[in-house]
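Enquirer: Have a look at this one before I ask anything.
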Amino acid sequence: MKIIKSFKSKDGKTIKYLQKTDDGHIIETGYYNFDEHIICISSQIGCQMGCIFCATTNPVDLLNPNKSFIRNLTSEEIVRQVKNIFLRLQKNGKLKSKRILFSYMGMGEPFLNYKNVVDSIKILSKEFPNSRATISTLGIRPTLIKKLAQEKINTTLKLHLSLHAPNDALRKKILPKAQRIQPALEALKYFSSVRRVPAKVNYILIKNINDSQKHAAQLANLLKSYLFTVKLSNLNDFNNLEASEADKFDLFEKTLNLNEIKTCRFISTGTDIKAGCGQLRRHYHNKDKK
């Protein structure tokens, strides 16, 4: 794994790295320099989930236009992906003594590459003691979420559930490969309890799809028995979808708050270089080997 190209955002806070694997595929990794060093890590080459708002499932590879997923990254590749960035930053004198967040929210569904993801977290937490890790998942493997809660990982480990809909029918339209909501919520509750960390539910507001007051009320009712925080995000342009309007966003959040659901807002950075949430893609380099 080696860096072959990088792009820096206009504000200088975000860098997107294109990294080439030994077998010739190119993945994307995001670096965000804020109160802490944040590395948005990819765990797969491509993605099988097909979420309607995410570019990862759409390959740049024109020779394989229907091939959205190539393979899992090994634990060694995941670790090298991170270390390449830190070596580059160190060489350029930009690596300050800050806390590090390893965010497994890049390309791929981490729980479809469970062992390599867990092994990489164990390795990175040893090599970077001043770090923590967060994994984002569609919740497709509730049993593995519970298994993760019991893993011996010597760092703060948090979990975010990408929900994006208040009911199973709508969620299937937005996340075609998603499983039932309730088992995922119960697994997240278990994880939060065992590891004694707060849990978050990710919800991207998409205009006229999941942002109505009816959806907000359904979401509040769904989560009323859980102590989860809902992380509300606006859509980054993709697939001819539109972001929810500001007033509808505000009203959606207000409805949740009136129903005693805690919320926080997240605004993607680095969107000018396509490094925001849902914007990372895989690239073609050498001809795919069969």
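Ordered as shown in the structure tokens, chains take letters A, B, and onward, while each chain numbers its residues from 1 and ligands are numbered from 1 in the order shown.
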Could you go through segment 94-250 of chain A and tell me which residues DSSP, when run on the backbone, assigns to strand (DSSP E or B), listing them as a PyMOL selection string?
Expert: chain A and resi 100-104+131-137+156-162+200-206+229-234+238+241+243
Enquirer: Set the distance at 12 Å and use only C-alpha atoms: which residues neighbour Glu253 of chain A once local chain neighbours fewer than 4 positions away are removed? I'd like the list as a ChimeraX atom specification.
Expert: /A:203-205,211-213,215-217,219-220,229-233,244,246-249,257-265
Enquirer: Would you compute the distance between atom CA of Asn84 of chain A and atom CA of Gly30 of chain A? Give it in Å to one decimal.
Expert: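 Computing the Euclidean distance for atom CA of Asn84 of chain A and atom CA of Gly30 of chain A yields 12.0 Å.
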Enquirer: Could you list, as a PDB file with N, CA and C atoms, in the first residue's frame, every residue within 9 Å of segment 39-54 of chain A, counting only C-alpha atoms and ignoring same-chain residues fewer than 6 positions away?
Expert:
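Once written, part.pdb looks like this:
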```pdb
ATOM      1  N   HIS A  25      -5.160  -1.838  -7.064  1.00  0.00           N
ATOM      2  CA  HIS A  25      -6.400  -1.098  -6.853  1.00  0.00           C
ATOM      3  C   HIS A  25      -6.122   0.157  -6.040  1.00  0.00           C
ATOM      4  N   ILE A  26      -6.955   1.163  -6.222  1.00  0.00           N
ATOM      5  CA  ILE A  26      -6.750   2.428  -5.530  1.00  0.00           C
ATOM      6  C   ILE A  26      -7.951   2.735  -4.647  1.00  0.00           C
ATOM      7  N   ILE A  27      -7.685   2.954  -3.365  1.00  0.00           N
ATOM      8  CA  ILE A  27      -8.722   3.318  -2.405  1.00  0.00           C
ATOM      9  C   ILE A  27      -8.511   4.757  -1.960  1.00  0.00           C
ATOM     10  N   GLU A  28      -9.492   5.302  -1.268  1.00  0.00           N
ATOM     11  CA  GLU A  28      -9.386   6.664  -0.753  1.00  0.00           C
ATOM     12  C   GLU A  28      -9.442   6.663   0.771  1.00  0.00           C
ATOM     13  N   THR A  29      -8.644   7.539   1.365  1.00  0.00           N
ATOM     14  CA  THR A  29      -8.596   7.717   2.816  1.00  0.00           C
ATOM     15  C   THR A  29      -8.666   9.202   3.111  1.00  0.00           C
ATOM     16  N   GLY A  30      -9.438   9.590   4.118  1.00  0.00           N
ATOM     17  CA  GLY A  30      -9.555  10.997   4.470  1.00  0.00           C
ATOM     18  C   GLY A  30      -8.784  11.334   5.728  1.00  0.00           C
ATOM     19  N   TYR A  31      -8.153  12.514   5.725  1.00  0.00           N
ATOM     20  CA  TYR A  31      -7.480  13.035   6.925  1.00  0.00           C
ATOM     21  C   TYR A  31      -8.075  14.403   7.238  1.00  0.00           C
ATOM     22  N   TYR A  32      -8.440  14.609   8.517  1.00  0.00           N
ATOM     23  CA  TYR A  32      -9.106  15.836   8.937  1.00  0.00           C
ATOM     24  C   TYR A  32      -8.376  16.390  10.161  1.00  0.00           C
ATOM     25  N   ASN A  33      -7.851  17.587  10.044  1.00  0.00           N
ATOM     26  CA  ASN A  33      -7.016  18.185  11.078  1.00  0.00           C
ATOM     27  C   ASN A  33      -7.811  19.218  11.866  1.00  0.00           C
ATOM     28  N   LYS A  67     -19.266  -3.640 -11.214  1.00  0.00           N
ATOM     29  CA  LYS A  67     -18.531  -4.274 -10.123  1.00  0.00           C
ATOM     30  C   LYS A  67     -18.291  -3.245  -9.020  1.00  0.00           C
ATOM     31  N   SER A  68     -19.141  -3.269  -8.000  1.00  0.00           N
ATOM     32  CA  SER A  68     -19.041  -2.267  -6.936  1.00  0.00           C
ATOM     33  C   SER A  68     -18.084  -2.682  -5.827  1.00  0.00           C
ATOM     34  N   PHE A  69     -17.771  -3.977  -5.761  1.00  0.00           N
ATOM     35  CA  PHE A  69     -16.924  -4.479  -4.678  1.00  0.00           C
ATOM     36  C   PHE A  69     -15.844  -5.389  -5.245  1.00  0.00           C
ATOM     37  N   ILE A  70     -14.608  -5.215  -4.755  1.00  0.00           N
ATOM     38  CA  ILE A  70     -13.486  -6.051  -5.190  1.00  0.00           C
ATOM     39  C   ILE A  70     -13.118  -7.060  -4.110  1.00  0.00           C
ATOM     40  N   ARG A  71     -12.714  -6.562  -2.932  1.00  0.00           N
ATOM     41  CA  ARG A  71     -12.325  -7.475  -1.853  1.00  0.00           C
ATOM     42  C   ARG A  71     -12.171  -6.713  -0.549  1.00  0.00           C
ATOM     43  N   ASN A  72     -11.996  -7.462   0.542  1.00  0.00           N
ATOM     44  CA  ASN A  72     -11.662  -6.873   1.836  1.00  0.00           C
ATOM     45  C   ASN A  72     -10.205  -6.436   1.848  1.00  0.00           C
ATOM     46  N   LEU A  73      -9.917  -5.412   2.609  1.00  0.00           N
ATOM     47  CA  LEU A  73      -8.528  -5.063   2.890  1.00  0.00           C
ATOM     48  C   LEU A  73      -8.033  -5.936   4.038  1.00  0.00           C
ATOM     49  N   THR A  74      -6.774  -6.326   3.999  1.00  0.00           N
ATOM     50  CA  THR A  74      -6.193  -7.088   5.105  1.00  0.00           C
ATOM     51  C   THR A  74      -5.913  -6.143   6.263  1.00  0.00           C
ATOM     52  N   SER A  75      -5.683  -6.715   7.428  1.00  0.00           N
ATOM     53  CA  SER A  75      -5.345  -5.870   8.579  1.00  0.00           C
ATOM     54  C   SER A  75      -4.053  -5.104   8.325  1.00  0.00           C
ATOM     55  N   GLU A  77      -2.964  -4.049   5.426  1.00  0.00           N
ATOM     56  CA  GLU A  77      -3.260  -2.940   4.513  1.00  0.00           C
ATOM     57  C   GLU A  77      -3.955  -1.799   5.230  1.00  0.00           C
ATOM     58  N   ILE A  78      -4.847  -2.122   6.144  1.00  0.00           N
ATOM     59  CA  ILE A  78      -5.542  -1.078   6.899  1.00  0.00           C
ATOM     60  C   ILE A  78      -4.552  -0.287   7.746  1.00  0.00           C
ATOM     61  N   GLN A  81      -2.323   1.810   5.541  1.00  0.00           N
ATOM     62  CA  GLN A  81      -3.110   2.941   5.060  1.00  0.00           C
ATOM     63  C   GLN A  81      -2.996   4.135   6.008  1.00  0.00           C
ATOM     64  N   VAL A  82      -3.054   3.837   7.295  1.00  0.00           N
ATOM     65  CA  VAL A  82      -2.959   4.874   8.326  1.00  0.00           C
ATOM     66  C   VAL A  82      -1.524   5.375   8.482  1.00  0.00           C
ATOM     67  N   ILE A  85      -0.104   7.861   6.002  1.00  0.00           N
ATOM     68  CA  ILE A  85      -0.516   9.254   6.195  1.00  0.00           C
ATOM     69  C   ILE A  85       0.299   9.917   7.289  1.00  0.00           C
ATOM     70  N   ILE A 100      -5.742  11.186  18.611  1.00  0.00           N
ATOM     71  CA  ILE A 100      -6.017  10.632  17.285  1.00  0.00           C
ATOM     72  C   ILE A 100      -7.333   9.863  17.297  1.00  0.00           C
ATOM     73  N   LEU A 101      -8.154  10.104  16.295  1.00  0.00           N
ATOM     74  CA  LEU A 101      -9.375   9.326  16.123  1.00  0.00           C
ATOM     75  C   LEU A 101      -9.250   8.489  14.859  1.00  0.00           C
ATOM     76  N   PHE A 102      -9.314   7.178  15.022  1.00  0.00           N
ATOM     77  CA  PHE A 102      -9.365   6.273  13.883  1.00  0.00           C
ATOM     78  C   PHE A 102     -10.838   5.995  13.597  1.00  0.00           C
ATOM     79  N   SER A 103     -11.324   6.564  12.519  1.00  0.00           N
ATOM     80  CA  SER A 103     -12.736   6.495  12.184  1.00  0.00           C
ATOM     81  C   SER A 103     -12.951   5.495  11.049  1.00  0.00           C
ATOM     82  N   TYR A 104     -13.543   4.350  11.369  1.00  0.00           N
ATOM     83  CA  TYR A 104     -13.805   3.328  10.362  1.00  0.00           C
ATOM     84  C   TYR A 104     -15.143   3.659   9.693  1.00  0.00           C
ATOM     85  N   MET A 105     -15.111   4.741   8.931  1.00  0.00           N
ATOM     86  CA  MET A 105     -16.304   5.237   8.245  1.00  0.00           C
ATOM     87  C   MET A 105     -16.015   5.534   6.781  1.00  0.00           C
ATOM     88  N   GLY A 106     -14.896   5.007   6.280  1.00  0.00           N
ATOM     89  CA  GLY A 106     -14.547   5.224   4.883  1.00  0.00           C
ATOM     90  C   GLY A 106     -15.239   4.216   3.987  1.00  0.00           C
ATOM     91  N   MET A 107     -14.538   3.739   2.993  1.00  0.00           N
ATOM     92  CA  MET A 107     -15.113   2.804   2.031  1.00  0.00           C
ATOM     93  C   MET A 107     -15.359   1.440   2.673  1.00  0.00           C
ATOM     94  N   GLY A 108     -16.572   0.920   2.480  1.00  0.00           N
ATOM     95  CA  GLY A 108     -16.863  -0.436   2.925  1.00  0.00           C
ATOM     96  C   GLY A 108     -17.663  -0.525   4.210  1.00  0.00           C
ATOM     97  N   GLU A 109     -18.242  -1.691   4.453  1.00  0.00           N
ATOM     98  CA  GLU A 109     -18.961  -2.022   5.683  1.00  0.00           C
ATOM     99  C   GLU A 109     -18.010  -2.804   6.592  1.00  0.00           C
ATOM    100  N   PRO A 110     -17.556  -2.186   7.693  1.00  0.00           N
ATOM    101  CA  PRO A 110     -16.547  -2.824   8.550  1.00  0.00           C
ATOM    102  C   PRO A 110     -16.920  -4.206   9.068  1.00  0.00           C
ATOM    103  N   LEU A 112     -18.404  -6.526   7.577  1.00  0.00           N
ATOM    104  CA  LEU A 112     -18.215  -7.572   6.570  1.00  0.00           C
ATOM    105  C   LEU A 112     -16.735  -7.911   6.417  1.00  0.00           C
ATOM    106  N   ASN A 113     -15.911  -7.236   7.208  1.00  0.00           N
ATOM    107  CA  ASN A 113     -14.468  -7.509   7.257  1.00  0.00           C
ATOM    108  C   ASN A 113     -14.037  -7.494   8.715  1.00  0.00           C
ATOM    109  N   ASN A 116     -10.270  -8.492  10.227  1.00  0.00           N
ATOM    110  CA  ASN A 116      -9.206  -7.567   9.832  1.00  0.00           C
ATOM    111  C   ASN A 116      -9.386  -6.195  10.448  1.00  0.00           C
ATOM    112  N   VAL A 117     -10.628  -5.761  10.586  1.00  0.00           N
ATOM    113  CA  VAL A 117     -10.890  -4.473  11.228  1.00  0.00           C
ATOM    114  C   VAL A 117     -10.493  -4.521  12.702  1.00  0.00           C
ATOM    115  N   LEU A 138     -24.009  -0.445   9.219  1.00  0.00           N
ATOM    116  CA  LEU A 138     -25.437  -0.521   8.925  1.00  0.00           C
ATOM    117  C   LEU A 138     -26.144  -1.447   9.900  1.00  0.00           C
ATOM    118  N   LYS A 173     -35.297   0.943   1.109  1.00  0.00           N
ATOM    119  CA  LYS A 173     -35.205   1.746  -0.106  1.00  0.00           C
ATOM    120  C   LYS A 173     -33.939   2.587  -0.115  1.00  0.00           C
ATOM    121  N   ILE A 174     -33.528   3.057   1.076  1.00  0.00           N
ATOM    122  CA  ILE A 174     -32.337   3.904   1.180  1.00  0.00           C
ATOM    123  C   ILE A 174     -31.080   3.058   1.295  1.00  0.00           C
ATOM    124  N   LEU A 175     -31.181   1.975   2.061  1.00  0.00           N
ATOM    125  CA  LEU A 175     -30.066   1.052   2.286  1.00  0.00           C
ATOM    126  C   LEU A 175     -30.512  -0.342   1.839  1.00  0.00           C
ATOM    127  N   PRO A 176     -30.371  -0.678   0.567  1.00  0.00           N
ATOM    128  CA  PRO A 176     -30.946  -1.915   0.019  1.00  0.00           C
ATOM    129  C   PRO A 176     -30.511  -3.197   0.719  1.00  0.00           C
ATOM    130  N   LYS A 177     -29.317  -3.209   1.290  1.00  0.00           N
ATOM    131  CA  LYS A 177     -28.811  -4.433   1.926  1.00  0.00           C
ATOM    132  C   LYS A 177     -29.010  -4.438   3.445  1.00  0.00           C
ATOM    133  N   ALA A 178     -29.707  -3.451   3.947  1.00  0.00           N
ATOM    134  CA  ALA A 178     -29.903  -3.355   5.395  1.00  0.00           C
ATOM    135  C   ALA A 178     -30.800  -4.478   5.901  1.00  0.00           C
ATOM    136  N   ILE A 204     -28.931  10.745   7.947  1.00  0.00           N
ATOM    137  CA  ILE A 204     -28.740  11.750   6.903  1.00  0.00           C
ATOM    138  C   ILE A 204     -30.110  12.160   6.382  1.00  0.00           C
ATOM    139  N   ILE A 206     -32.533  13.522   3.741  1.00  0.00           N
ATOM    140  CA  ILE A 206     -32.617  13.609   2.286  1.00  0.00           C
ATOM    141  C   ILE A 206     -33.973  14.197   1.910  1.00  0.00           C
ATOM    142  N   LEU A 235     -27.182  15.832   3.495  1.00  0.00           N
ATOM    143  CA  LEU A 235     -26.693  15.038   2.381  1.00  0.00           C
ATOM    144  C   LEU A 235     -25.606  15.776   1.605  1.00  0.00           C
ATOM    145  N   ASN A 236     -24.554  15.046   1.228  1.00  0.00           N
ATOM    146  CA  ASN A 236     -23.586  15.570   0.275  1.00  0.00           C
ATOM    147  C   ASN A 236     -24.037  15.158  -1.119  1.00  0.00           C
ATOM    148  N   ASP A 237     -23.958  16.076  -2.053  1.00  0.00           N
ATOM    149  CA  ASP A 237     -24.510  15.865  -3.393  1.00  0.00           C
ATOM    150  C   ASP A 237     -24.071  14.533  -3.999  1.00  0.00           C
ATOM    151  N   PHE A 238     -25.068  13.741  -4.407  1.00  0.00           N
ATOM    152  CA  PHE A 238     -24.794  12.478  -5.091  1.00  0.00           C
ATOM    153  C   PHE A 238     -26.090  11.898  -5.626  1.00  0.00           C
ATOM    154  N   ASN A 239     -26.009  11.288  -6.807  1.00  0.00           N
ATOM    155  CA  ASN A 239     -27.108  10.468  -7.337  1.00  0.00           C
ATOM    156  C   ASN A 239     -28.398  11.268  -7.567  1.00  0.00           C
ATOM    157  N   LEU A 241     -29.861  13.248  -5.751  1.00  0.00           N
ATOM    158  CA  LEU A 241     -30.621  13.475  -4.527  1.00  0.00           C
ATOM    159  C   LEU A 241     -30.329  14.878  -4.018  1.00  0.00           C
ATOM    160  N   CYS A 277     -18.594  12.832   3.888  1.00  0.00           N
ATOM    161  CA  CYS A 277     -19.267  11.545   4.112  1.00  0.00           C
ATOM    162  C   CYS A 277     -19.998  11.100   2.852  1.00  0.00           C
ATOM    163  N   GLY A 278     -19.784   9.852   2.469  1.00  0.00           N
ATOM    164  CA  GLY A 278     -20.437   9.295   1.302  1.00  0.00           C
ATOM    165  C   GLY A 278     -19.807   9.663  -0.020  1.00  0.00           C
ATOM    166  N   GLN A 279     -18.648  10.317   0.021  1.00  0.00           N
ATOM    167  CA  GLN A 279     -18.029  10.768  -1.230  1.00  0.00           C
ATOM    168  C   GLN A 279     -16.782   9.993  -1.631  1.00  0.00           C
ATOM    169  N   LEU A 280     -16.283   9.121  -0.754  1.00  0.00           N
ATOM    170  CA  LEU A 280     -15.078   8.356  -1.094  1.00  0.00           C
ATOM    171  C   LEU A 280     -15.415   7.255  -2.101  1.00  0.00           C
ATOM    172  N   ARG A 281     -14.528   7.070  -3.074  1.00  0.00           N
ATOM    173  CA  ARG A 281     -14.765   6.087  -4.125  1.00  0.00           C
ATOM    174  C   ARG A 281     -13.506   5.272  -4.378  1.00  0.00           C
ATOM    175  N   ARG A 282     -13.688   4.099  -4.983  1.00  0.00           N
ATOM    176  CA  ARG A 282     -12.520   3.349  -5.395  1.00  0.00           C
ATOM    177  C   ARG A 282     -12.181   3.705  -6.837  1.00  0.00           C
ATOM    178  N   HIS A 283     -10.930   3.529  -7.185  1.00  0.00           N
ATOM    179  CA  HIS A 283     -10.471   3.889  -8.524  1.00  0.00           C
ATOM    180  C   HIS A 283      -9.817   2.696  -9.205  1.00  0.00           C
TER     181      HIS A 283
END
```
Enquirer: Would you give me, as a ChimeraX atom specification, the residues in segment 173-258 of chain A that DSSP reads as helix (DSSP H, G or I)?
Expert: /A:173-174,181-195,213-223,246-258
Enquirer: Using only C-alpha atoms, which residues of segment 197-263 of chain A come within 12 Å of segment 185-190 of chain A, and what is the closest atom pair for each, with the distance in Å to one decimal? Give it as JSON lines, sorted by chain and residue number.
Expert:
```
{"residue": "A:Val197", "atom": "CA", "partner": "A:Lys189", "partner_atom": "CA", "distance": 10.0}
{"residue": "A:Pro198", "atom": "CA", "partner": "A:Lys189", "partner_atom": "CA", "distance": 9.2}
{"residue": "A:Ala199", "atom": "CA", "partner": "A:Leu188", "partner_atom": "CA", "distance": 7.0}
{"residue": "A:Lys200", "atom": "CA", "partner": "A:Leu188", "partner_atom": "CA", "distance": 8.7}
{"residue": "A:Val201", "atom": "CA", "partner": "A:Leu185", "partner_atom": "CA", "distance": 9.0}
{"residue": "A:Asn202", "atom": "CA", "partner": "A:Leu185", "partner_atom": "CA", "distance": 12.0}
{"residue": "A:Leu222", "atom": "CA", "partner": "A:Leu185", "partner_atom": "CA", "distance": 9.5}
{"residue": "A:Leu223", "atom": "CA", "partner": "A:Leu185", "partner_atom": "CA", "distance": 8.7}
{"residue": "A:Lys224", "atom": "CA", "partner": "A:Leu185", "partner_atom": "CA", "distance": 11.7}
{"residue": "A:Ser225", "atom": "CA", "partner": "A:Lys189", "partner_atom": "CA", "distance": 10.3}
{"residue": "A:Tyr226", "atom": "CA", "partner": "A:Lys189", "partner_atom": "CA", "distance": 7.3}
{"residue": "A:Leu227", "atom": "CA", "partner": "A:Lys189", "partner_atom": "CA", "distance": 8.3}
{"residue": "A:Phe228", "atom": "CA", "partner": "A:Lys189", "partner_atom": "CA", "distance": 8.2}
{"residue": "A:Thr229", "atom": "CA", "partner": "A:Lys189", "partner_atom": "CA", "distance": 11.7}
```
Enquirer: Using only C-alpha atoms for the distances, tell me which of A:Ile140, A:Thr156, A:Val194, A:Ile3 is nearest to Lys172 of chain A.
Expert: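 Nearest candidate to Lys172 of chain A out of A:Ile140, A:Thr156, A:Val194, A:Ile3: A:Ile140.
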Enquirer: Show me, as number ranges by chain, the residues that have an atom within 12 Å of Lys147 of chain A when counting only C-alpha atoms, minus same-chain residues fewer than 2 positions from it.
Expert: A: 111, 114-115, 118, 141-145, 149-153, 187-188, 190-191, 194-195
Enquirer: Residues of the last selection are to be written out with C-alpha atoms, as a CSV table (one decimal), in the first residue's frame.
Expert:
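Below you can see part08.csv, which holds the result:
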```
chain,number,residue,atom,x,y,z
A,111,PHE,CA,-18.6,-5.7,9.9
A,114,TYR,CA,-14.7,-8.1,11.0
A,115,LYS,CA,-11.5,-9.9,11.8
A,118,VAL,CA,-10.6,-5.7,14.8
A,141,ARG,CA,-24.4,-8.3,11.8
A,142,PRO,CA,-25.9,-7.8,15.2
A,143,THR,CA,-24.2,-10.9,16.6
A,144,LEU,CA,-20.8,-9.4,15.6
A,145,ILE,CA,-21.7,-6.1,17.3
A,149,ALA,CA,-18.4,-5.5,22.8
A,150,GLN,CA,-16.4,-8.3,24.4
A,151,GLU,CA,-13.2,-7.9,22.4
A,152,LYS,CA,-10.0,-7.1,24.4
A,153,ILE,CA,-9.2,-3.8,22.8
A,187,ALA,CA,-27.1,-4.9,19.6
A,188,LEU,CA,-26.0,-1.2,19.8
A,190,TYR,CA,-25.7,-4.0,24.4
A,191,PHE,CA,-22.4,-2.6,23.0
A,194,VAL,CA,-20.8,-3.5,28.0
A,195,ARG,CA,-18.2,-1.0,26.9
```
